>>> print(open('target_29.cif').read())   # mmCIF, C-alpha atoms
data_my_file
#
loop_
_atom_site.label_atom_id
_atom_site.label_comp_id
_atom_site.auth_asym_id
_atom_site.auth_seq_id
_atom_site.Cartn_x
_atom_site.Cartn_y
_atom_site.Cartn_z
CA MET A 13 -27.51 11.12 -12.12
CA PRO A 14 -24.66 8.57 -12.44
CA ILE A 15 -21.16 9.72 -11.45
CA SER A 16 -18.26 7.37 -10.82
CA LEU A 17 -15.16 8.40 -8.86
CA TRP A 18 -11.97 6.39 -9.39
CA PHE A 19 -9.15 6.74 -6.85
CA ASN A 20 -5.55 5.97 -7.87
CA LEU A 21 -2.09 7.18 -6.88
CA ALA A 22 0.73 8.33 -9.13
CA ARG A 23 2.60 5.55 -10.94
CA SER A 24 0.06 2.88 -10.07
CA GLY A 25 -0.96 2.01 -13.63
CA GLY A 26 -3.63 4.67 -13.91
CA THR A 27 -2.58 5.90 -17.36
CA LEU A 28 -2.90 2.44 -18.88
CA MET A 29 -6.19 1.70 -17.13
CA ALA A 30 -7.52 5.12 -18.16
CA ARG A 31 -6.99 4.13 -21.79
CA CYS A 32 -8.96 0.94 -21.23
CA LEU A 33 -11.81 2.55 -19.30
CA GLY A 34 -12.00 5.71 -21.36
CA CYS A 35 -12.44 3.91 -24.67
CA MET A 36 -15.51 2.02 -23.45
CA GLU A 37 -18.78 2.87 -25.17
CA GLY A 38 -20.79 3.94 -22.12
CA VAL A 39 -18.07 6.04 -20.43
CA LEU A 40 -17.05 9.70 -20.61
CA LEU A 41 -13.73 9.98 -18.73
CA LEU A 42 -12.25 13.09 -17.13
CA SER A 43 -8.66 12.42 -16.11
CA GLU A 44 -6.83 13.46 -12.92
CA VAL A 45 -9.40 15.99 -11.79
CA HIS A 46 -9.40 17.49 -8.30
CA PRO A 47 -10.92 20.59 -6.66
CA LEU A 48 -7.42 21.89 -5.82
CA GLY A 49 -5.97 21.05 -9.22
CA VAL A 50 -8.20 22.91 -11.67
CA ARG A 51 -5.52 25.49 -12.53
CA THR A 52 -3.18 22.66 -13.55
CA ILE A 53 -5.62 20.11 -15.01
CA ASP A 54 -8.97 21.69 -15.80
CA PRO A 55 -11.99 19.34 -15.94
CA ALA A 56 -14.01 22.00 -17.79
CA GLU A 57 -11.46 22.14 -20.60
CA GLN A 58 -11.37 18.34 -20.81
CA ALA A 59 -15.17 18.16 -20.87
CA ALA A 60 -15.33 20.65 -23.74
CA ALA A 61 -12.41 19.40 -25.84
CA TRP A 62 -12.79 15.66 -25.31
CA HIS A 63 -16.53 15.12 -25.02
CA GLY A 64 -18.36 18.27 -26.07
CA LEU A 65 -20.11 18.52 -22.71
CA LEU A 66 -19.52 22.28 -22.70
CA SER A 67 -19.73 24.54 -25.72
CA GLY A 68 -17.02 27.00 -26.67
CA ALA A 69 -19.28 29.83 -25.58
CA GLU A 70 -19.88 28.24 -22.16
CA LEU A 71 -16.27 27.31 -21.43
CA PRO A 72 -15.04 30.74 -20.22
CA ARG A 73 -17.71 30.72 -17.50
CA TRP A 74 -16.56 27.35 -16.13
CA ALA A 75 -12.84 27.06 -16.87
CA GLY A 76 -10.11 27.70 -14.31
CA GLY A 77 -12.27 27.08 -11.27
CA ARG A 78 -14.54 30.09 -11.87
CA ARG A 79 -17.52 28.14 -10.56
CA ARG A 80 -17.82 25.65 -7.71
CA PHE A 81 -16.29 22.24 -8.44
CA ASP A 82 -19.42 20.33 -7.43
CA GLU A 83 -21.61 22.58 -9.63
CA LEU A 84 -19.40 21.86 -12.64
CA ILE A 85 -19.35 18.10 -12.05
CA GLY A 86 -23.12 18.04 -11.51
CA LEU A 87 -23.70 19.84 -14.81
CA LEU A 88 -21.33 17.54 -16.71
CA ALA A 89 -22.88 14.41 -15.18
CA GLU A 90 -26.37 15.59 -16.15
CA ARG A 91 -25.28 16.20 -19.74
CA ALA A 92 -23.49 12.85 -19.91
CA GLU A 93 -26.63 11.11 -18.65
CA ARG A 94 -28.72 12.76 -21.38
CA ARG A 95 -26.41 11.08 -23.89
CA GLY A 96 -26.80 7.71 -22.18
CA LYS A 97 -23.28 7.84 -20.74
CA THR A 98 -21.74 7.68 -17.27
CA LEU A 99 -19.33 10.44 -16.21
CA LEU A 100 -16.19 8.79 -14.83
CA LEU A 101 -13.81 10.96 -12.81
CA ARG A 102 -10.25 9.73 -12.50
CA ASP A 103 -9.36 11.48 -9.24
CA TRP A 104 -5.95 13.16 -8.85
CA SER A 105 -5.51 11.31 -5.56
CA HIS A 106 -1.81 12.22 -5.33
CA LEU A 107 -2.82 15.66 -4.05
CA ASP A 108 -4.62 14.17 -1.04
CA PHE A 109 -2.31 11.34 -0.04
CA VAL A 110 1.19 12.50 -1.06
CA GLY A 111 0.75 16.12 -2.05
CA ALA A 112 4.31 17.15 -2.92
CA PRO A 113 5.31 19.26 -4.71
CA PHE A 114 1.85 20.81 -5.10
CA VAL A 115 -0.04 20.89 -1.77
CA GLU A 116 0.03 19.52 1.76
CA PRO A 117 -1.68 16.11 1.87
CA SER A 118 -4.96 15.82 3.77
CA LEU A 119 -4.84 11.98 3.97
CA THR A 120 -8.55 11.99 3.06
CA SER A 121 -10.25 12.47 -0.30
CA ARG A 122 -11.18 16.12 -0.81
CA THR A 123 -12.95 15.23 -4.06
CA ALA A 124 -15.19 12.67 -2.35
CA ALA A 125 -16.01 15.12 0.44
CA ILE A 126 -17.03 17.88 -1.98
CA LEU A 127 -19.10 15.56 -4.16
CA ALA A 128 -20.82 13.78 -1.26
CA GLY A 129 -24.49 14.38 -0.60
CA ALA A 130 -26.60 15.28 -3.61
CA LEU A 131 -24.12 13.93 -6.20
CA ALA A 132 -23.09 10.82 -4.21
CA PRO A 133 -20.65 9.30 -6.73
CA ARG A 134 -20.02 5.57 -6.93
CA ARG A 135 -16.44 5.07 -5.64
CA PHE A 136 -13.75 2.48 -6.33
CA ALA A 137 -9.93 2.34 -6.30
CA THR A 138 -6.97 0.79 -8.08
CA VAL A 139 -3.70 0.12 -6.27
CA ARG A 140 -0.14 -1.04 -6.81
CA HIS A 141 2.48 -2.55 -4.49
CA PRO A 142 3.70 0.44 -2.42
CA ALA A 143 7.39 -0.44 -2.88
CA ASP A 144 7.11 -0.67 -6.67
CA GLN A 145 5.04 2.50 -6.76
CA TRP A 146 7.72 4.36 -4.77
CA ALA A 147 10.50 3.13 -7.05
CA SER A 148 8.52 4.18 -10.12
CA GLN A 149 7.82 7.62 -8.65
CA GLN A 150 11.55 8.16 -8.18
CA GLU A 151 11.96 7.99 -11.96
CA LEU A 152 9.97 11.22 -12.30
CA ASP A 153 11.89 14.50 -12.09
CA LEU A 154 8.77 16.09 -10.61
CA LEU A 155 8.79 13.75 -7.59
CA ARG A 156 12.39 12.59 -7.18
CA GLY A 157 13.75 13.92 -3.91
CA LYS A 158 10.54 15.83 -3.15
CA VAL A 159 8.79 13.20 -1.01
CA ASP A 160 10.01 11.90 2.33
CA LEU A 161 9.77 8.09 2.52
CA GLY A 162 7.97 8.21 5.86
CA ALA A 163 5.42 10.73 4.55
CA TYR A 164 4.94 8.58 1.45
CA ALA A 165 4.27 5.52 3.62
CA ARG A 166 1.72 7.46 5.71
CA GLY A 167 -0.05 8.47 2.52
CA CYS A 168 -0.04 4.90 1.22
CA HIS A 169 -1.49 3.60 4.47
CA ALA A 170 -4.27 6.22 4.42
CA PHE A 171 -4.99 5.44 0.76
CA ALA A 172 -5.07 1.71 1.53
CA ARG A 173 -7.69 2.33 4.22
CA LEU A 174 -9.75 4.25 1.67
CA ALA A 175 -9.34 1.46 -0.91
CA GLU A 176 -10.37 -1.15 1.66
CA ARG A 177 -13.63 0.77 2.23
CA THR A 178 -14.46 1.33 -1.44
CA GLY A 179 -13.11 -1.91 -2.89
CA PHE A 180 -10.15 -2.07 -5.24
CA VAL A 181 -8.41 -3.79 -8.12
CA ARG A 182 -4.66 -4.38 -7.97
CA TYR A 183 -2.58 -3.24 -10.94
CA GLU A 184 -0.57 -6.46 -10.88
CA ASP A 185 -3.74 -8.55 -11.16
CA PHE A 186 -4.97 -6.34 -13.99
CA THR A 187 -1.80 -6.90 -16.01
CA ARG A 188 -2.10 -10.67 -15.55
CA ASP A 189 -5.79 -10.93 -16.46
CA PRO A 190 -6.97 -7.64 -17.98
CA GLU A 191 -10.43 -8.80 -19.05
CA ALA A 192 -11.46 -10.19 -15.67
CA GLU A 193 -10.01 -7.31 -13.65
CA LEU A 194 -11.43 -4.63 -15.94
CA GLU A 195 -14.83 -6.24 -15.58
CA ARG A 196 -14.40 -6.11 -11.80
CA LEU A 197 -13.27 -2.50 -12.00
CA CYS A 198 -16.27 -1.52 -14.11
CA ALA A 199 -18.62 -3.29 -11.70
CA GLY A 200 -17.03 -1.47 -8.76
CA LEU A 201 -17.33 1.88 -10.51
CA GLY A 202 -20.85 1.17 -11.72
CA VAL A 203 -20.01 1.71 -15.39
CA PRO A 204 -20.99 -0.66 -18.22
CA TYR A 205 -18.25 -3.07 -19.27
CA ASP A 206 -17.49 -2.91 -22.99
CA SER A 207 -15.93 -6.18 -24.14
CA GLY A 208 -14.64 -4.46 -27.28
CA TRP A 209 -12.11 -2.36 -25.36
CA ARG A 210 -9.11 -4.39 -26.56
CA GLY A 211 -9.64 -3.19 -30.10
CA LYS A 212 -9.84 0.45 -29.04
CA TYR A 213 -7.57 1.23 -26.08
CA ARG A 214 -4.34 1.74 -28.05
CA ALA A 215 -5.91 4.57 -30.06
CA TYR A 216 -7.58 6.27 -27.10
CA SER A 217 -5.81 9.58 -26.47
CA HIS A 218 -8.00 11.50 -23.99
CA ILE A 219 -5.71 10.84 -21.04
CA THR A 220 -3.28 12.63 -18.73
CA GLY A 221 -0.18 11.31 -17.04
CA ASP A 222 3.42 10.56 -17.94
CA PRO A 223 3.75 10.73 -21.77
CA ALA A 224 6.67 8.27 -21.82
CA ALA A 225 4.74 5.77 -19.72
CA ALA A 226 1.69 6.25 -21.90
CA ALA A 227 3.73 5.53 -25.02
CA ARG A 228 5.15 2.35 -23.50
CA THR A 229 1.70 1.00 -22.68
CA VAL A 230 0.24 1.28 -26.17
CA GLY A 231 1.40 -2.26 -26.96
CA GLU A 232 0.14 -5.52 -25.52
CA ILE A 233 -0.57 -5.57 -21.79
CA ARG A 234 2.02 -7.73 -20.02
CA PRO A 235 2.43 -8.78 -16.37
CA ALA A 236 3.93 -5.98 -14.27
CA ARG A 237 7.59 -6.37 -13.33
CA ARG A 238 8.98 -5.76 -9.86
CA ARG A 239 11.09 -2.64 -9.32
CA GLU A 240 14.53 -2.41 -7.77
CA LEU A 241 14.79 -0.26 -4.66
CA ALA A 242 17.66 2.08 -3.87
CA PRO A 243 20.14 0.83 -1.22
CA GLY A 244 18.70 1.20 2.25
CA VAL A 245 15.14 1.90 1.11
CA ARG A 246 14.04 -1.73 1.45
CA ALA A 247 15.30 -1.95 5.03
CA GLU A 248 13.68 1.39 5.93
CA LEU A 249 10.34 0.30 4.50
CA LEU A 250 10.41 -3.00 6.36
CA ARG A 251 10.77 -1.04 9.61
CA ASN A 252 7.90 1.30 8.76
CA GLU A 253 4.54 0.45 10.34
CA ASP A 254 2.58 2.49 7.78
CA TYR A 255 4.19 0.63 4.90
CA LEU A 256 3.53 -2.72 6.54
CA GLY A 257 -0.05 -1.70 7.29
CA ALA A 258 -0.67 -0.65 3.68
CA CYS A 259 0.71 -3.94 2.36
CA GLY A 260 -1.47 -5.88 4.77
CA LEU A 261 -4.67 -4.06 3.81
CA LEU A 262 -4.00 -4.49 0.09
CA GLY A 263 -2.89 -8.14 0.27
CA TYR A 264 0.77 -7.61 -0.69
CA GLU A 265 3.84 -9.31 0.74
CA PRO A 266 6.01 -6.56 2.23
#
>>> encode(input="target_29.cif", output="structure tokens")
Amino acid sequence: MPISLWFNLARSGGTLMARCLGCMEGVLLLSEVHPLGVRTIDPAEQAAAWHGLLSGAELPRWAGGRRRFDELIGLLAERAERRGKTLLLRDWSHLDFVGAPFVEPSLTSRTAAILAGALAPRRFATVRHPADQWASQQELDLLRGKVDLGAYARGCHAFARLAERTGFVRYEDFTRDPEAELERLCAGLGVPYDSGWRGKYRAYSHITGDPAAAARTVGEIRPARRRELAPGVRAELLRNEDYLGACGLLGYEP
């Protein structure tokens, strides 16, 4: 049965791209799902409320992590396939590669490990320049002051190695040429590209993420702007081997 697993880190454009992918005709999107995050963002509740993949009577048996994560995803993928759709999981990759303030990072994908084997999802990633991503994360009360810069860089480097293995689309490229990069993203994820997405993405509401950021992206997609770094952060990053390694793997100038 077709399952697609999309890796992305916090503040890397995932909310905007989720609108674009989720509105496509052949896709049923579950957003920011993770085996350790079901008490915060429950894929069973999303599947029931957004797509009708679980009935109201079934939901209590599956919600809140009451059953194994891989069993739930397998059931939802089977039901999506019966409707001629592909189940697309937007992974909550922050938990694995940054972690704070929720869990300790593993620096590997727990979701991919649990779903490997019989389910074998198609995997692909989206990325953003690590410096801009850091600056954007510092605008969130949830993350500001909670993440050490060195730990963040280690997570970015590990995520970049994952993205290099799976293939990736860069957020900056997407904002410059959305049609071409979305087509690449769909091909990487193994989901059908729907050329009518531009007429639908603004109204698509089955997403998670920063509400303010989501509201700002409802308009026309414009090229991403560079972010200003706090004093001293730029120099610290340029001395950090993990940061430099991540930039090199993803094709960014440090």
>>> resolve_selection(input="target_29.cif", expression="the PyMOL selection byres ((chain A and resi 232-238) around 12)", output="PyMOL selection string")
chain A and resi 24-25+28-29+31-32+140-148+182-191+210-211+213-214+227-231+239-241
>>> write_last_selection(input="target_29.cif", atoms="C-alpha atoms", output="mmCIF file, keeping the file's coordinate frame")
data_model
loop_
_atom_site.group_PDB
_atom_site.id
_atom_site.type_symbol
_atom_site.label_atom_id
_atom_site.label_comp_id
_atom_site.auth_asym_id
_atom_site.auth_seq_id
_atom_site.Cartn_x
_atom_site.Cartn_y
_atom_site.Cartn_z
ATOM 1 C CA SER A 24 0.060 2.880 -10.070
ATOM 2 C CA GLY A 25 -0.960 2.010 -13.630
ATOM 3 C CA LEU A 28 -2.900 2.440 -18.880
ATOM 4 C CA MET A 29 -6.190 1.700 -17.130
ATOM 5 C CA ARG A 31 -6.990 4.130 -21.790
ATOM 6 C CA CYS A 32 -8.960 0.940 -21.230
ATOM 7 C CA ARG A 140 -0.140 -1.040 -6.810
ATOM 8 C CA HIS A 141 2.480 -2.550 -4.490
ATOM 9 C CA PRO A 142 3.700 0.440 -2.420
ATOM 10 C CA ALA A 143 7.390 -0.440 -2.880
ATOM 11 C CA ASP A 144 7.110 -0.670 -6.670
ATOM 12 C CA GLN A 145 5.040 2.500 -6.760
ATOM 13 C CA TRP A 146 7.720 4.360 -4.770
ATOM 14 C CA ALA A 147 10.500 3.130 -7.050
ATOM 15 C CA SER A 148 8.520 4.180 -10.120
ATOM 16 C CA ARG A 182 -4.660 -4.380 -7.970
ATOM 17 C CA TYR A 183 -2.580 -3.240 -10.940
ATOM 18 C CA GLU A 184 -0.570 -6.460 -10.880
ATOM 19 C CA ASP A 185 -3.740 -8.550 -11.160
ATOM 20 C CA PHE A 186 -4.970 -6.340 -13.990
ATOM 21 C CA THR A 187 -1.800 -6.900 -16.010
ATOM 22 C CA ARG A 188 -2.100 -10.670 -15.550
ATOM 23 C CA ASP A 189 -5.790 -10.930 -16.460
ATOM 24 C CA PRO A 190 -6.970 -7.640 -17.980
ATOM 25 C CA GLU A 191 -10.430 -8.800 -19.050
ATOM 26 C CA ARG A 210 -9.110 -4.390 -26.560
ATOM 27 C CA GLY A 211 -9.640 -3.190 -30.100
ATOM 28 C CA TYR A 213 -7.570 1.230 -26.080
ATOM 29 C CA ARG A 214 -4.340 1.740 -28.050
ATOM 30 C CA ALA A 227 3.730 5.530 -25.020
ATOM 31 C CA ARG A 228 5.150 2.350 -23.500
ATOM 32 C CA THR A 229 1.700 1.000 -22.680
ATOM 33 C CA VAL A 230 0.240 1.280 -26.170
ATOM 34 C CA GLY A 231 1.400 -2.260 -26.960
ATOM 35 C CA ARG A 239 11.090 -2.640 -9.320
ATOM 36 C CA GLU A 240 14.530 -2.410 -7.770
ATOM 37 C CA LEU A 241 14.790 -0.260 -4.660
#
>>> closest_residue(input="target_29.cif", among="A:Glu83, A:Glu176, A:Glu44, A:Glu90", to="A:Ser105", atoms="only C-alpha atoms")
A:Glu44
>>> closest_residue(input="target_29.cif", among="A:Arg134, A:His63, A:Arg23, A:Arg73", to="A:Cys198", atoms="all atoms listed in the file")
A:Arg134
>>> residues_around(input="target_29.cif", residues="A:Thr178", least_positions_apart="5", cutoff="9 Å", atoms="all atoms listed in the file", output="PyMOL selection string")
chain A and resi 134-137+173+200
>>> residues_around(input="target_29.cif", residues="A:Leu71", least_positions_apart="6", cutoff="9 Å", atoms="all atoms listed in the file", output="MDAnalysis selection string")
chainID A and resid 56:57 60
>>> resolve_selection(input="target_29.cif", expression="the PyMOL selection byres ((chain A and resi 52) around 12)", output="list in words")
Ser43, Glu44, Val45, His46, Pro47, Leu48, Gly49, Val50, Arg51, Ile53, Asp54, Pro55, Ala56, Glu57, Gln58, Ala75, Gly76, Gly77, Trp104, Leu107, Phe114 and Thr220 of chain A
>>> closest_residue(input="target_29.cif", among="A:Tyr164, A:Trp62, A:Tyr255, A:Phe19", to="A:Arg122", atoms="all atoms listed in the file")
A:Phe19
>>> closest_residue(input="target_29.cif", among="A:Gly38, A:Ala22, A:Trp74, A:Ile15", to="A:Tyr205", atoms="only C-alpha atoms")
A:Gly38
>>> residues_around(input="target_29.cif", residues="A:Leu249", least_positions_apart="5", cutoff="9 Å", atoms="only C-alpha atoms", output="ChimeraX atom specification")
/A:143,161-162,165,244,254-256,266
>>> write_last_selection(input="target_29.cif", atoms="C-alpha atoms", output="PDB file, in the coordinates of the input")
ATOM      1  CA  ALA A 143       7.390  -0.440  -2.880  1.00  0.00           C
ATOM      2  CA  LEU A 161       9.770   8.090   2.520  1.00  0.00           C
ATOM      3  CA  GLY A 162       7.970   8.210   5.860  1.00  0.00           C
ATOM      4  CA  ALA A 165       4.270   5.520   3.620  1.00  0.00           C
ATOM      5  CA  GLY A 244      18.700   1.200   2.250  1.00  0.00           C
ATOM      6  CA  ASP A 254       2.580   2.490   7.780  1.00  0.00           C
ATOM      7  CA  TYR A 255       4.190   0.630   4.900  1.00  0.00           C
ATOM      8  CA  LEU A 256       3.530  -2.720   6.540  1.00  0.00           C
ATOM      9  CA  PRO A 266       6.010  -6.560   2.230  1.00  0.00           C
TER      10      PRO A 266
END
>>> atom_distance(input="target_29.cif", atom1="atom CA of A:Pro14", atom2="atom CA of A:Tyr216")
22.6 Å
>>> closest_residue(input="target_29.cif", among="A:Leu66, A:Leu84, A:Ile126, A:Leu174", to="A:Phe109", atoms="only C-alpha atoms")
A:Leu174
>>> decode(input="target_29.cif", residues="stretch 54-82 of chain A", atoms="N, CA and C atoms", output="JSON list (two decimals), in the first residue's frame")
[["chain", "number", "residue", "atom", "x", "y", "z"],
["A", 54, "ASP", "N", -2.31, 14.21, 17.35],
["A", 54, "ASP", "CA", -2.77, 12.83, 17.22],
["A", 54, "ASP", "C", -3.15, 12.51, 15.77],
["A", 55, "PRO", "N", -2.42, 11.61, 15.12],
["A", 55, "PRO", "CA", -2.76, 11.27, 13.72],
["A", 55, "PRO", "C", -4.12, 10.62, 13.59],
["A", 56, "ALA", "N", -4.57, 9.89, 14.62],
["A", 56, "ALA", "CA", -5.89, 9.27, 14.56],
["A", 56, "ALA", "C", -6.98, 10.33, 14.50],
["A", 57, "GLU", "N", -6.85, 11.37, 15.31],
["A", 57, "GLU", "CA", -7.84, 12.44, 15.31],
["A", 57, "GLU", "C", -7.84, 13.19, 13.98],
["A", 58, "GLN", "N", -6.65, 13.45, 13.42],
["A", 58, "GLN", "CA", -6.57, 14.08, 12.11],
["A", 58, "GLN", "C", -7.24, 13.21, 11.05],
["A", 59, "ALA", "N", -6.94, 11.91, 11.07],
["A", 59, "ALA", "CA", -7.48, 10.99, 10.07],
["A", 59, "ALA", "C", -9.01, 10.97, 10.10],
["A", 60, "ALA", "N", -9.58, 11.03, 11.31],
["A", 60, "ALA", "CA", -11.03, 11.01, 11.45],
["A", 60, "ALA", "C", -11.64, 12.35, 11.04],
["A", 61, "ALA", "N", -11.11, 13.44, 11.59],
["A", 61, "ALA", "CA", -11.72, 14.75, 11.38],
["A", 61, "ALA", "C", -11.48, 15.30, 9.98],
["A", 62, "TRP", "N", -10.29, 15.09, 9.44],
["A", 62, "TRP", "CA", -9.93, 15.68, 8.15],
["A", 62, "TRP", "C", -10.34, 14.83, 6.96],
["A", 63, "HIS", "N", -10.24, 13.52, 7.10],
["A", 63, "HIS", "CA", -10.38, 12.65, 5.93],
["A", 63, "HIS", "C", -11.40, 11.53, 6.08],
["A", 64, "GLY", "N", -11.98, 11.37, 7.25],
["A", 64, "GLY", "CA", -12.95, 10.31, 7.44],
["A", 64, "GLY", "C", -12.37, 8.91, 7.31],
["A", 65, "LEU", "N", -11.09, 8.77, 7.62],
["A", 65, "LEU", "CA", -10.46, 7.45, 7.53],
["A", 65, "LEU", "C", -10.76, 6.58, 8.75],
["A", 66, "LEU", "N", -11.23, 7.19, 9.82],
["A", 66, "LEU", "CA", -11.72, 6.48, 10.99],
["A", 66, "LEU", "C", -13.10, 7.02, 11.32],
["A", 67, "SER", "N", -13.99, 6.16, 11.72],
["A", 67, "SER", "CA", -15.33, 6.60, 12.12],
["A", 67, "SER", "C", -15.30, 7.12, 13.55],
["A", 68, "GLY", "N", -16.35, 7.82, 13.94],
["A", 68, "GLY", "CA", -16.45, 8.29, 15.31],
["A", 68, "GLY", "C", -16.45, 7.15, 16.31],
["A", 69, "ALA", "N", -17.06, 6.03, 15.93],
["A", 69, "ALA", "CA", -17.09, 4.87, 16.82],
["A", 69, "ALA", "C", -15.72, 4.22, 16.97],
["A", 70, "GLU", "N", -14.91, 4.28, 15.90],
["A", 70, "GLU", "CA", -13.58, 3.66, 15.95],
["A", 70, "GLU", "C", -12.55, 4.52, 16.68],
["A", 71, "LEU", "N", -12.73, 5.83, 16.63],
["A", 71, "LEU", "CA", -11.70, 6.75, 17.10],
["A", 71, "LEU", "C", -11.23, 6.46, 18.53],
["A", 72, "PRO", "N", -12.11, 6.21, 19.50],
["A", 72, "PRO", "CA", -11.61, 5.97, 20.86],
["A", 72, "PRO", "C", -10.64, 4.81, 20.97],
["A", 73, "ARG", "N", -10.74, 3.84, 20.08],
["A", 73, "ARG", "CA", -9.82, 2.69, 20.13],
["A", 73, "ARG", "C", -8.43, 3.03, 19.61],
["A", 74, "TRP", "N", -8.32, 4.09, 18.81],
["A", 74, "TRP", "CA", -7.05, 4.42, 18.17],
["A", 74, "TRP", "C", -6.43, 5.71, 18.68],
["A", 75, "ALA", "N", -7.21, 6.61, 19.22],
["A", 75, "ALA", "CA", -6.70, 7.94, 19.59],
["A", 75, "ALA", "C", -5.74, 7.85, 20.78],
["A", 76, "GLY", "N", -4.88, 8.85, 20.89],
["A", 76, "GLY", "CA", -3.99, 8.97, 22.05],
["A", 76, "GLY", "C", -2.95, 7.90, 22.18],
["A", 77, "GLY", "N", -2.60, 7.23, 21.07],
["A", 77, "GLY", "CA", -1.56, 6.22, 21.13],
["A", 77, "GLY", "C", -2.00, 4.92, 21.78],
["A", 78, "ARG", "N", -3.30, 4.62, 21.77],
["A", 78, "ARG", "CA", -3.78, 3.39, 22.41],
["A", 78, "ARG", "C", -3.37, 2.13, 21.66],
["A", 79, "ARG", "N", -3.08, 2.28, 20.38],
["A", 79, "ARG", "CA", -2.60, 1.14, 19.59],
["A", 79, "ARG", "C", -1.23, 1.50, 19.02],
["A", 80, "ARG", "N", -0.52, 0.51, 18.52],
["A", 80, "ARG", "CA", 0.82, 0.75, 17.97],
["A", 80, "ARG", "C", 0.75, 1.72, 16.80],
["A", 81, "PHE", "N", 1.76, 2.60, 16.74],
["A", 81, "PHE", "CA", 1.82, 3.63, 15.70],
["A", 81, "PHE", "C", 1.81, 3.01, 14.31],
["A", 82, "ASP", "N", 2.61, 1.96, 14.10],
["A", 82, "ASP", "CA", 2.68, 1.36, 12.77],
["A", 82, "ASP", "C", 1.36, 0.67, 12.40]]
